[in-house]
$ cat final.txt   # compact mmCIF, C-alpha atoms and all ligand atoms
# COMPACT_ATOMS: atom_id res chain seq x y z
CA MET A 23 -20.79 181.70 60.65
CA SER A 24 -17.47 182.02 62.50
CA GLU A 25 -15.95 185.08 60.88
CA VAL A 26 -14.27 186.61 63.90
CA VAL A 27 -10.89 184.94 64.09
CA THR A 28 -8.36 187.39 65.49
CA GLN A 29 -5.27 185.18 65.32
CA PRO A 30 -4.19 183.53 62.07
CA VAL A 31 -4.42 179.74 62.39
CA TYR A 32 -1.38 179.26 60.12
CA ASN A 33 1.46 181.61 59.21
CA ARG A 34 1.60 180.55 55.60
CA ILE A 35 -0.84 178.38 53.69
CA ALA A 36 0.12 177.01 50.27
CA LEU A 37 -2.69 176.06 47.90
CA ILE A 38 -1.55 173.63 45.20
CA GLY A 39 -4.02 173.67 42.30
CA LEU A 40 -6.08 176.85 41.87
CA GLY A 41 -9.58 175.77 40.92
CA LEU A 42 -13.02 176.04 42.51
CA ILE A 43 -12.07 174.63 45.91
CA ALA A 44 -8.70 176.39 46.29
CA SER A 45 -10.08 179.75 45.18
CA SER A 46 -13.05 179.42 47.55
CA MET A 47 -10.63 178.53 50.36
CA PHE A 48 -8.51 181.58 49.57
CA TRP A 49 -11.43 184.02 49.71
CA ALA A 50 -12.76 182.40 52.91
CA ILE A 51 -9.30 182.44 54.54
CA LYS A 52 -8.76 186.10 53.66
CA ARG A 53 -12.21 187.14 54.82
CA ALA A 54 -11.64 185.69 58.27
CA GLY A 55 -7.89 186.45 58.54
CA LEU A 56 -7.00 182.79 59.02
CA ALA A 57 -3.47 182.96 57.58
CA GLY A 58 -0.55 185.39 57.55
CA GLU A 59 0.07 184.70 53.87
CA VAL A 60 -1.47 182.43 51.23
CA THR A 61 0.71 181.26 48.37
CA GLY A 62 -0.64 179.44 45.34
CA TYR A 63 0.51 177.32 42.44
CA ALA A 64 -1.20 175.81 39.39
CA ARG A 65 0.50 173.74 36.72
CA SER A 66 -0.58 175.90 33.74
CA ALA A 67 0.79 179.38 33.09
CA GLU A 68 -2.73 180.38 32.02
CA THR A 69 -4.26 179.58 35.43
CA ARG A 70 -1.38 181.28 37.26
CA GLU A 71 -1.89 184.35 35.07
CA THR A 72 -5.64 184.42 35.78
CA ALA A 73 -4.95 184.04 39.50
CA ARG A 74 -2.57 187.00 39.44
CA ARG A 75 -5.07 189.09 37.50
CA ILE A 76 -7.95 188.53 39.94
CA GLY A 77 -5.81 188.74 43.09
CA LEU A 78 -6.24 185.08 43.95
CA CYS A 79 -3.50 184.33 46.51
CA ASP A 80 -1.12 186.82 48.10
CA ARG A 81 1.66 185.33 45.98
CA VAL A 82 1.29 183.08 42.93
CA CYS A 83 4.44 181.01 42.42
CA ASP A 84 5.83 179.52 39.21
CA THR A 85 6.78 176.23 40.86
CA ALA A 86 5.09 174.06 43.47
CA LEU A 87 8.34 173.91 45.47
CA GLU A 88 8.47 177.69 45.71
CA ALA A 89 4.83 177.79 46.86
CA VAL A 90 5.34 175.30 49.73
CA GLU A 91 8.55 176.90 50.99
CA GLY A 92 8.03 177.98 54.62
CA ALA A 93 4.37 176.93 54.59
CA ASP A 94 3.00 175.43 57.80
CA LEU A 95 -0.04 174.17 55.88
CA VAL A 96 -0.05 172.83 52.32
CA VAL A 97 -3.41 171.91 50.78
CA LEU A 98 -3.51 169.76 47.65
CA CYS A 99 -6.47 171.00 45.58
CA VAL A 100 -5.95 168.98 42.39
CA PRO A 101 -7.99 166.08 40.93
CA VAL A 102 -7.79 162.87 42.97
CA GLY A 103 -5.70 161.07 40.31
CA ALA A 104 -3.05 163.83 40.47
CA MET A 105 -2.61 163.82 44.28
CA GLY A 106 0.24 161.23 44.34
CA PRO A 107 2.43 162.87 41.66
CA VAL A 108 1.84 166.33 43.15
CA ALA A 109 2.77 165.06 46.65
CA ALA A 110 6.00 163.63 45.19
CA GLU A 111 6.75 167.00 43.58
CA ILE A 112 6.35 169.06 46.77
CA ALA A 113 7.87 166.56 49.24
CA PRO A 114 11.47 167.88 49.09
CA GLY A 115 10.28 171.41 49.95
CA LEU A 116 8.10 170.62 52.97
CA MET A 117 9.04 172.30 56.23
CA PRO A 118 9.50 170.03 59.31
CA GLY A 119 6.38 170.28 61.50
CA ALA A 120 4.20 171.37 58.54
CA THR A 121 0.83 169.80 57.81
CA VAL A 122 -0.14 168.51 54.38
CA SER A 123 -3.86 168.19 53.67
CA ASP A 124 -5.96 167.64 50.57
CA VAL A 125 -9.56 168.28 49.54
CA GLY A 126 -10.05 165.22 47.31
CA SER A 127 -13.50 163.68 46.95
CA VAL A 128 -12.15 160.14 47.55
CA LYS A 129 -10.10 159.38 50.65
CA ARG A 130 -8.68 155.81 50.67
CA HIS A 131 -6.99 156.30 47.30
CA VAL A 132 -5.56 159.70 48.26
CA ILE A 133 -4.17 158.32 51.54
CA GLU A 134 -2.47 155.45 49.69
CA ALA A 135 -1.13 157.74 46.95
CA VAL A 136 0.11 160.59 49.16
CA SER A 137 1.31 158.94 52.41
CA PRO A 138 4.48 157.38 50.93
CA HIS A 139 5.70 160.86 49.94
CA ILE A 140 5.17 162.55 53.32
CA PRO A 141 8.58 163.09 54.95
CA GLU A 142 9.28 162.20 58.59
CA GLY A 143 8.18 165.06 60.88
CA VAL A 144 5.44 166.31 58.51
CA HIS A 145 1.77 165.65 59.38
CA PHE A 146 -0.74 164.42 56.84
CA VAL A 147 -4.40 165.20 57.59
CA PRO A 148 -6.71 164.43 54.63
CA SER A 149 -9.94 166.40 54.37
CA HIS A 150 -12.98 166.69 52.13
CA PRO A 151 -15.33 169.70 52.08
CA LEU A 152 -18.82 168.56 51.10
CA ALA A 153 -19.44 171.67 49.08
CA GLY A 154 -19.13 172.43 45.41
CA THR A 155 -20.77 173.73 42.28
CA GLU A 156 -20.69 172.56 38.68
CA HIS A 157 -18.18 175.33 37.90
CA SER A 158 -14.44 174.94 37.96
CA GLY A 159 -11.29 176.98 37.56
CA PRO A 160 -9.70 179.90 39.44
CA GLU A 161 -12.55 182.33 38.76
CA SER A 162 -15.32 180.08 40.07
CA GLY A 163 -14.57 180.35 43.79
CA PHE A 164 -16.40 182.39 46.44
CA ALA A 165 -15.93 182.72 50.20
CA GLU A 166 -19.39 181.45 51.15
CA LEU A 167 -18.98 178.03 49.50
CA PHE A 168 -18.24 176.23 52.77
CA GLU A 169 -20.71 178.07 54.99
CA ASN A 170 -22.80 175.64 57.00
CA ARG A 171 -21.48 172.74 54.87
CA TRP A 172 -19.67 169.75 56.30
CA SER A 173 -15.97 169.35 55.96
CA LEU A 174 -14.82 165.85 56.84
CA LEU A 175 -11.38 165.23 58.30
CA VAL A 176 -10.01 161.73 57.72
CA PRO A 177 -6.90 161.46 59.93
CA VAL A 178 -4.68 158.43 59.40
CA GLU A 179 -3.70 156.32 62.39
CA GLY A 180 -1.07 157.88 64.62
CA THR A 181 -1.64 161.46 63.42
CA ASP A 182 -0.74 164.19 65.90
CA PRO A 183 -4.09 165.32 67.43
CA GLU A 184 -2.83 168.92 67.54
CA ALA A 185 -2.35 168.97 63.76
CA VAL A 186 -5.91 167.67 63.36
CA ALA A 187 -7.32 170.24 65.83
CA ARG A 188 -5.55 173.09 64.03
CA LEU A 189 -6.96 172.06 60.65
CA ARG A 190 -10.40 171.80 62.26
CA THR A 191 -10.05 175.42 63.45
CA LEU A 192 -9.22 176.51 59.90
CA TRP A 193 -12.30 174.82 58.40
CA GLU A 194 -14.51 176.18 61.16
CA GLY A 195 -13.08 179.64 60.46
CA MET A 196 -14.15 179.21 56.83
CA GLY A 197 -17.69 178.58 58.08
CA ALA A 198 -17.79 174.79 57.79
CA ASN A 199 -19.07 172.22 60.28
CA VAL A 200 -16.35 169.67 60.88
CA ASP A 201 -16.57 165.95 61.52
CA GLU A 202 -14.04 163.12 61.54
CA MET A 203 -14.52 159.91 59.62
CA ASP A 204 -12.65 156.75 58.70
CA ALA A 205 -11.50 156.64 55.04
CA ASP A 206 -13.45 153.53 53.94
CA HIS A 207 -16.63 154.73 55.62
CA HIS A 208 -16.17 158.14 53.95
CA ASP A 209 -15.84 156.53 50.51
CA LEU A 210 -19.00 154.43 50.98
CA VAL A 211 -21.08 157.34 52.32
CA LEU A 212 -19.94 159.57 49.46
CA ALA A 213 -20.67 156.85 46.90
CA VAL A 214 -24.31 157.00 48.09
CA THR A 215 -24.67 160.75 48.54
CA SER A 216 -22.55 162.09 45.71
CA HIS A 217 -20.73 159.69 43.38
CA ALA A 218 -23.62 157.41 42.29
CA PRO A 219 -26.04 160.38 41.90
CA HIS A 220 -23.52 162.08 39.62
CA LEU A 221 -23.21 158.96 37.49
CA ILE A 222 -27.00 158.69 37.25
CA ALA A 223 -27.21 162.36 36.21
CA TYR A 224 -24.53 161.82 33.55
CA THR A 225 -26.51 158.82 32.26
CA MET A 226 -29.86 160.62 32.22
CA VAL A 227 -28.46 163.58 30.32
CA GLY A 228 -26.69 161.18 27.93
CA VAL A 229 -29.98 159.37 27.26
CA ALA A 230 -31.77 162.68 26.65
CA ASP A 231 -29.00 163.71 24.28
CA ASP A 232 -29.53 160.51 22.27
CA LEU A 233 -33.26 161.21 22.23
CA ARG A 234 -32.67 164.78 21.15
CA ARG A 235 -31.41 163.50 17.84
CA VAL A 236 -34.91 162.11 17.33
CA THR A 237 -36.97 164.96 18.77
CA ASP A 238 -34.74 167.78 17.57
CA SER A 239 -34.39 170.48 20.23
CA GLU A 240 -37.50 169.64 22.26
CA VAL A 241 -35.49 168.18 25.13
CA ILE A 242 -33.87 171.56 25.69
CA LYS A 243 -36.87 173.72 24.83
CA TYR A 244 -39.26 171.99 27.21
CA SER A 245 -36.72 170.85 29.80
CA ALA A 246 -38.57 170.54 33.11
CA ALA A 247 -37.06 171.22 36.52
CA GLY A 248 -36.11 167.55 37.11
CA PHE A 249 -34.10 167.34 33.91
CA ARG A 250 -32.55 170.77 34.42
CA ASP A 251 -31.20 169.66 37.79
CA PHE A 252 -29.66 166.61 36.13
CA THR A 253 -28.00 168.79 33.49
CA ARG A 254 -26.54 171.04 36.19
CA ILE A 255 -24.94 168.06 37.93
CA ALA A 256 -23.85 166.53 34.61
CA ALA A 257 -22.01 169.76 33.75
CA SER A 258 -19.47 169.05 36.51
CA ASP A 259 -15.78 168.86 35.67
CA PRO A 260 -15.02 165.74 33.54
CA THR A 261 -11.47 165.24 34.89
CA MET A 262 -12.53 165.45 38.53
CA TRP A 263 -15.37 162.97 38.04
CA ARG A 264 -13.38 160.56 35.90
CA ASP A 265 -10.87 160.35 38.76
CA VAL A 266 -13.62 159.92 41.40
CA PHE A 267 -15.06 156.87 39.63
CA LEU A 268 -11.67 155.33 38.87
CA THR A 269 -10.51 155.69 42.47
CA ASN A 270 -13.74 154.91 44.36
CA LYS A 271 -14.53 151.93 42.18
CA ASP A 272 -15.69 149.32 44.73
CA ALA A 273 -18.05 151.54 46.72
CA THR A 274 -19.55 153.09 43.58
CA LEU A 275 -20.14 149.67 41.99
CA GLU A 276 -21.74 148.40 45.21
CA ILE A 277 -24.19 151.33 45.29
CA LEU A 278 -24.92 151.13 41.56
CA GLY A 279 -25.77 147.42 42.03
CA ARG A 280 -28.35 148.34 44.67
CA PHE A 281 -29.63 151.19 42.51
CA THR A 282 -30.19 148.82 39.59
CA GLU A 283 -32.20 146.44 41.82
CA GLU A 284 -34.44 149.29 43.02
CA LEU A 285 -34.87 150.54 39.47
CA PHE A 286 -36.01 147.09 38.34
CA ALA A 287 -38.51 146.97 41.23
CA LEU A 288 -39.96 150.35 40.20
CA GLN A 289 -40.01 149.25 36.56
CA ARG A 290 -42.01 146.16 37.54
CA ALA A 291 -44.42 148.29 39.64
CA ILE A 292 -45.06 150.53 36.62
CA ARG A 293 -45.56 147.55 34.29
CA THR A 294 -47.97 145.78 36.67
CA GLY A 295 -49.78 149.01 37.62
CA ASP A 296 -48.77 148.70 41.29
CA GLY A 297 -49.65 152.28 42.31
CA ASP A 298 -49.41 151.46 46.03
CA HIS A 299 -45.77 150.48 45.62
CA LEU A 300 -44.96 153.66 43.68
CA HIS A 301 -46.84 155.90 46.14
CA ALA A 302 -45.20 154.33 49.21
CA TYR A 303 -41.75 154.62 47.59
CA PHE A 304 -42.17 158.29 46.64
CA THR A 305 -43.54 159.11 50.12
CA ARG A 306 -40.39 157.64 51.66
CA THR A 307 -38.08 159.60 49.35
CA ARG A 308 -39.96 162.84 49.93
CA ALA A 309 -39.25 162.49 53.65
CA ILE A 310 -35.51 162.28 52.89
CA ARG A 311 -35.64 165.61 51.03
CA ARG A 312 -37.45 167.19 53.99
CA GLY A 313 -34.79 165.81 56.33
CA ILE A 314 -32.04 167.47 54.27
CA ILE A 315 -33.84 170.83 54.45
CA GLN A 316 -34.42 170.45 58.20
CA ALA A 317 -30.70 169.69 58.66
CA GLY A 318 -29.93 173.05 57.00
CA GLN A 319 -28.08 171.44 54.07
CA ASP A 320 -30.37 172.99 51.44
CA THR A 321 -33.34 175.33 51.22
CA ALA A 322 -36.84 174.68 49.95
CA ALA A 323 -36.46 177.46 47.34
CA PRO A 324 -37.51 176.34 43.85
CA ASP A 325 -33.96 176.83 42.54
CA PHE A 326 -32.74 174.54 45.32
CA GLY A 327 -31.24 177.61 46.99
CA ARG A 328 -28.22 177.74 44.72
CA GLY A 329 -28.31 181.45 43.86
CA ALA A 330 -24.77 181.80 45.20
CA LYS A 331 -23.56 185.13 46.53
CA LYS A 332 -20.08 186.10 45.45
CA TYR A 333 -17.65 187.48 47.97
CA ARG A 334 -14.22 188.61 47.02
CA ALA A 335 -12.07 190.44 49.49
CA SER A 336 -10.67 193.75 48.37
CA LYS A 337 -6.96 193.32 48.74
P1 LIG B 401 -10.85 172.56 39.35
O1 LIG B 401 -11.64 173.80 39.56
O2 LIG B 401 -11.03 171.80 38.08
O3 LIG B 401 -9.28 172.88 39.54
C1 LIG B 401 -8.34 171.86 39.48
C2 LIG B 401 -6.93 172.40 39.65
O4 LIG B 401 -6.04 171.27 39.62
C3 LIG B 401 -6.50 173.35 38.55
O5 LIG B 401 -5.71 174.38 39.10
C4 LIG B 401 -5.64 172.47 37.64
O6 LIG B 401 -4.57 173.17 37.07
C5 LIG B 401 -5.07 171.47 38.61
N1 LIG B 401 -4.79 170.19 37.94
C6 LIG B 401 -5.62 169.47 37.15
N2 LIG B 401 -5.03 168.32 36.76
C7 LIG B 401 -3.79 168.33 37.29
C8 LIG B 401 -2.70 167.44 37.22
N3 LIG B 401 -2.77 166.30 36.52
N4 LIG B 401 -1.57 167.77 37.89
C9 LIG B 401 -1.48 168.93 38.59
N5 LIG B 401 -2.49 169.81 38.70
C10 LIG B 401 -3.63 169.51 38.06
O7 LIG B 401 -11.10 171.49 40.53
P2 LIG B 401 -11.86 171.63 41.93
O8 LIG B 401 -13.32 171.53 41.68
O9 LIG B 401 -11.31 172.76 42.70
O10 LIG B 401 -11.43 170.24 42.59
C11 LIG B 401 -10.18 170.08 43.25
C12 LIG B 401 -10.27 168.88 44.19
O11 LIG B 401 -11.36 169.11 45.09
C13 LIG B 401 -10.55 167.54 43.51
O12 LIG B 401 -9.77 166.55 44.10
C14 LIG B 401 -12.02 167.28 43.80
O13 LIG B 401 -12.27 165.90 43.92
C15 LIG B 401 -12.21 167.99 45.14
N6 LIG B 401 -13.57 168.50 45.39
C16 LIG B 401 -14.29 169.09 44.39
C17 LIG B 401 -15.57 169.54 44.66
C18 LIG B 401 -16.42 170.17 43.56
O14 LIG B 401 -17.64 170.17 43.65
N7 LIG B 401 -15.83 170.71 42.54
C19 LIG B 401 -16.11 169.43 45.95
C20 LIG B 401 -15.32 168.87 46.97
C21 LIG B 401 -14.05 168.42 46.68
P3 LIG B 401 -4.73 174.03 35.72
O15 LIG B 401 -5.79 175.03 35.96
O16 LIG B 401 -3.39 174.63 35.55
O17 LIG B 401 -5.12 173.04 34.66
$ encode --input "final.txt" --output "structure tokens"
Amino acid sequence: MSEVVTQPVYNRIALIGLGLIASSMFWAIKRAGLAGEVTGYARSAETRETARRIGLCDRVCDTALEAVEGADLVVLCVPVGAMGPVAAEIAPGLMPGATVSDVGSVKRHVIEAVSPHIPEGVHFVPSHPLAGTEHSGPESGFAELFENRWSLLVPVEGTDPEAVARLRTLWEGMGANVDEMDADHHDLVLAVTSHAPHLIAYTMVGVADDLRRVTDSEVIKYSAAGFRDFTRIAASDPTMWRDVFLTNKDATLEILGRFTEELFALQRAIRTGDGDHLHAYFTRTRAIRRGIIQAGQDTAAPDFGRGAKKYRASK
């Protein structure tokens, strides 16, 4: 992990929205000394109060305009559906030469919603860290969240390469591996690896909840590892995931169509007793899991390696 950054990458970073991703960024930025100062803003007084209490951000501001004043990097850390309105709110306060980025889970929609508000002379470099937990809010963040995880940069055409390179240095300083990707490709890849799986988990837990009314509490009492993993995913933030599905509609529907076809094929194999089909299918999927472990994106620990350490800098 690249912890030894002697020079701050930015003088002042403004984090707009103070939830899981922003708070993890703050602790990772402080740990590695990546910014002179980090300001923060959240829309609710309650979140701003919590942030002040736990020392999240060097300065918590009461308005978004105050937070972005003098910032050479502004990162939008709000749900995807809120990116456009928030960009409109901060636009008048952006410093010439500053970079605006975001961490939204969908990229084409964010680019279309934010770009019109970016003033002349300000760079816009969208990003997406492929790291998260089912927890949200200002107290859920920790500096290690991005370690050895991918962060994808999705620069729009004509973006200043220096602004992109500087943002790359920041993510690398937070421990992430960085790659660049086109927005549409990003949205399709994420529909396969993240968005459709979340929808399937929500469905599975919903089905079990219906069943629970019949079997009383047995679904919870005897919940096996497979179901428990589904419930963990299905506990993810409802606002964030509502926005993901509403804004990555086409790619998600495309993948769900394919998923339904595969499910029907497995259903037929079960009905007709085609054990060879089932065995061959499960052998193929097992290899994918092994590939993920070999790529260092998870561990083979029974808890899927998610016993997260918590790091908070002493300020
Ligand atoms: P979070 O913990 O739920 O925090 C969201 C923040 O956004 C809160 O500070 C909230 O303010 C603010 N907010 C919510 N709705 C808003 C609105 N309509 N207008 C202005 N501010 C609003 O969320 P998160 O998990 O950090 O996610 C932030 C972004 O990162 C999302 O775009 C998400 O797609 C992306 N992302 C999430 C994950 C993940 O696993 N969680 C991973 C990668 C990327 P209040 O607290 O004042 O309500």
$ atom_distance --input "final.txt" --atom1 "atom N4 of ligand LIG 401 (chain B)" --atom2 "atom CA of Met262 of chain A"
11.2 Å
$ residues_near_ligand --input "final.txt" --ligand "ligand LIG 401 (chain B)" --cutoff "9 Å" --atoms "all atoms listed in the file" --output "ChimeraX atom specification"
/A:38-46,63-70,98-105,107-108,124-128,149-163,258-263,265-266
$ closest_atom_pairs --input "final.txt" --of "segment 167-262 of chain A" --to "segment 311-318 of chain A" --cutoff "12 Å" --atoms "all atoms listed in the file" --output "JSON lines"
{"residue": "A:Glu169", "atom": "CA", "partner": "A:Gly318", "partner_atom": "CA", "distance": 10.7}
{"residue": "A:Asn170", "atom": "CA", "partner": "A:Gly318", "partner_atom": "CA", "distance": 7.6}
{"residue": "A:Arg171", "atom": "CA", "partner": "A:Gly318", "partner_atom": "CA", "distance": 8.7}
{"residue": "A:Trp172", "atom": "CA", "partner": "A:Gly318", "partner_atom": "CA", "distance": 10.8}
{"residue": "A:Asn199", "atom": "CA", "partner": "A:Gly318", "partner_atom": "CA", "distance": 11.4}
{"residue": "A:Thr215", "atom": "CA", "partner": "A:Ile314", "partner_atom": "CA", "distance": 11.5}
$ atom_distance --input "final.txt" --atom1 "atom CA of Asp182 of chain A" --atom2 "atom CA of Asn270 of chain A"
26.8 Å
$ atom_distance --input "final.txt" --atom1 "atom CA of Thr191 of chain A" --atom2 "atom CA of Gly119 of chain A"
17.3 Å
$ residues_around --input "final.txt" --residues "Leu210 of chain A" --least-positions-apart "2" --cutoff "9 Å" --atoms "all atoms listed in the file" --output "list of chain:residue names"
A:Ala205, A:Asp206, A:His207, A:His208, A:Leu212, A:Ala213, A:Val214, A:Thr215, A:Asn270, A:Asp272, A:Ala273, A:Thr274, A:Glu276, A:Ile277
$ write_last_selection --input "final.txt" --atoms "C-alpha atoms" --output "JSON list (two decimals), keeping the file's coordinate frame"
[["chain", "number", "residue", "atom", "x", "y", "z"],
["A", 205, "ALA", "CA", -11.50, 156.64, 55.04],
["A", 206, "ASP", "CA", -13.45, 153.53, 53.94],
["A", 207, "HIS", "CA", -16.63, 154.73, 55.62],
["A", 208, "HIS", "CA", -16.17, 158.14, 53.95],
["A", 212, "LEU", "CA", -19.94, 159.57, 49.46],
["A", 213, "ALA", "CA", -20.67, 156.85, 46.90],
["A", 214, "VAL", "CA", -24.31, 157.00, 48.09],
["A", 215, "THR", "CA", -24.67, 160.75, 48.54],
["A", 270, "ASN", "CA", -13.74, 154.91, 44.36],
["A", 272, "ASP", "CA", -15.69, 149.32, 44.73],
["A", 273, "ALA", "CA", -18.05, 151.54, 46.72],
["A", 274, "THR", "CA", -19.55, 153.09, 43.58],
["A", 276, "GLU", "CA", -21.74, 148.40, 45.21],
["A", 277, "ILE", "CA", -24.19, 151.33, 45.29]]
$ closest_residue --input "final.txt" --among "A:Glu240, A:Asp231, A:Asp201, A:Glu59" --to "Thr253 of chain A" --atoms "all atoms listed in the file"
A:Asp231
$ residues_near_point --input "final.txt" --point "(-8.8, 162.7, 60.9)" --cutoff "7 Å" --atoms "only C-alpha atoms" --output "list in words"
Val147, Pro148, Leu175, Val176, Pro177, Val178, Val186, Glu202 and Met203 of chain A
$ axis_aligned_box --input "final.txt" --around "segment 131-147 of chain A" --padding-each-side "8 Å" --output "JSON"
{"center_x": 1.1, "center_y": 160.9, "center_z": 53.9, "size_x": 32.3, "size_y": 26.9, "size_z": 29.9}
$ residues_around --input "final.txt" --residues "Gly143 of chain A" --least-positions-apart "6" --cutoff "10 Å" --atoms "all atoms listed in the file" --output "PyMOL selection string"
chain A and resi 116-121
$ decode --input "final.txt" --residues "segment 155-168 of chain A" --atoms "N, CA, C and O atoms" --output "mmCIF file, in the first residue's frame"
data_model
loop_
_atom_site.group_PDB
_atom_site.id
_atom_site.type_symbol
_atom_site.label_atom_id
_atom_site.label_comp_id
_atom_site.auth_asym_id
_atom_site.auth_seq_id
_atom_site.Cartn_x
_atom_site.Cartn_y
_atom_site.Cartn_z
ATOM 1 N N THR A 155 -19.190 -1.242 1.626
ATOM 2 C CA THR A 155 -19.730 -2.193 2.603
ATOM 3 C C THR A 155 -21.234 -1.946 2.589
ATOM 4 O O THR A 155 -21.713 -1.040 1.906
ATOM 5 N N GLU A 156 -21.962 -2.709 3.382
ATOM 6 C CA GLU A 156 -23.408 -2.498 3.437
ATOM 7 C C GLU A 156 -23.766 -1.367 4.405
ATOM 8 O O GLU A 156 -24.924 -1.036 4.574
ATOM 9 N N HIS A 157 -22.732 -0.760 5.026
ATOM 10 C CA HIS A 157 -23.000 0.312 5.991
ATOM 11 C C HIS A 157 -22.960 1.668 5.304
ATOM 12 O O HIS A 157 -22.301 1.843 4.286
ATOM 13 N N SER A 158 -23.651 2.628 5.878
ATOM 14 C CA SER A 158 -23.604 3.967 5.298
ATOM 15 C C SER A 158 -23.549 5.005 6.413
ATOM 16 O O SER A 158 -23.649 4.665 7.590
ATOM 17 N N GLY A 159 -23.359 6.252 6.000
ATOM 18 C CA GLY A 159 -23.307 7.339 6.975
ATOM 19 C C GLY A 159 -21.889 7.714 7.365
ATOM 20 O O GLY A 159 -20.939 6.992 7.082
ATOM 21 N N PRO A 160 -21.751 8.869 8.067
ATOM 22 C CA PRO A 160 -20.422 9.419 8.365
ATOM 23 C C PRO A 160 -19.567 8.561 9.289
ATOM 24 O O PRO A 160 -18.346 8.663 9.280
ATOM 25 N N GLU A 161 -20.214 7.704 10.082
ATOM 26 C CA GLU A 161 -19.441 6.896 11.038
ATOM 27 C C GLU A 161 -19.017 5.539 10.474
ATOM 28 O O GLU A 161 -18.387 4.749 11.169
ATOM 29 N N SER A 162 -19.375 5.272 9.217
ATOM 30 C CA SER A 162 -19.108 3.926 8.683
ATOM 31 C C SER A 162 -17.764 3.824 7.962
ATOM 32 O O SER A 162 -17.320 2.728 7.628
ATOM 33 N N GLY A 163 -17.089 4.960 7.756
ATOM 34 C CA GLY A 163 -15.873 4.933 6.944
ATOM 35 C C GLY A 163 -14.631 4.474 7.684
ATOM 36 O O GLY A 163 -14.545 4.586 8.904
ATOM 37 N N PHE A 164 -13.659 3.958 6.922
ATOM 38 C CA PHE A 164 -12.358 3.571 7.489
ATOM 39 C C PHE A 164 -11.318 3.651 6.379
ATOM 40 O O PHE A 164 -11.629 3.427 5.189
ATOM 41 N N ALA A 165 -10.086 3.983 6.775
ATOM 42 C CA ALA A 165 -9.039 4.307 5.801
ATOM 43 C C ALA A 165 -8.673 3.155 4.875
ATOM 44 O O ALA A 165 -8.216 3.377 3.764
ATOM 45 N N GLU A 166 -8.874 1.918 5.331
ATOM 46 C CA GLU A 166 -8.430 0.764 4.535
ATOM 47 C C GLU A 166 -9.412 0.383 3.436
ATOM 48 O O GLU A 166 -9.143 -0.548 2.677
ATOM 49 N N LEU A 167 -10.556 1.047 3.357
ATOM 50 C CA LEU A 167 -11.606 0.599 2.425
ATOM 51 C C LEU A 167 -11.098 0.419 0.991
ATOM 52 O O LEU A 167 -11.504 -0.508 0.294
ATOM 53 N N PHE A 168 -10.199 1.311 0.554
ATOM 54 C CA PHE A 168 -9.797 1.285 -0.859
ATOM 55 C C PHE A 168 -8.534 0.471 -1.120
ATOM 56 O O PHE A 168 -8.113 0.342 -2.266
#
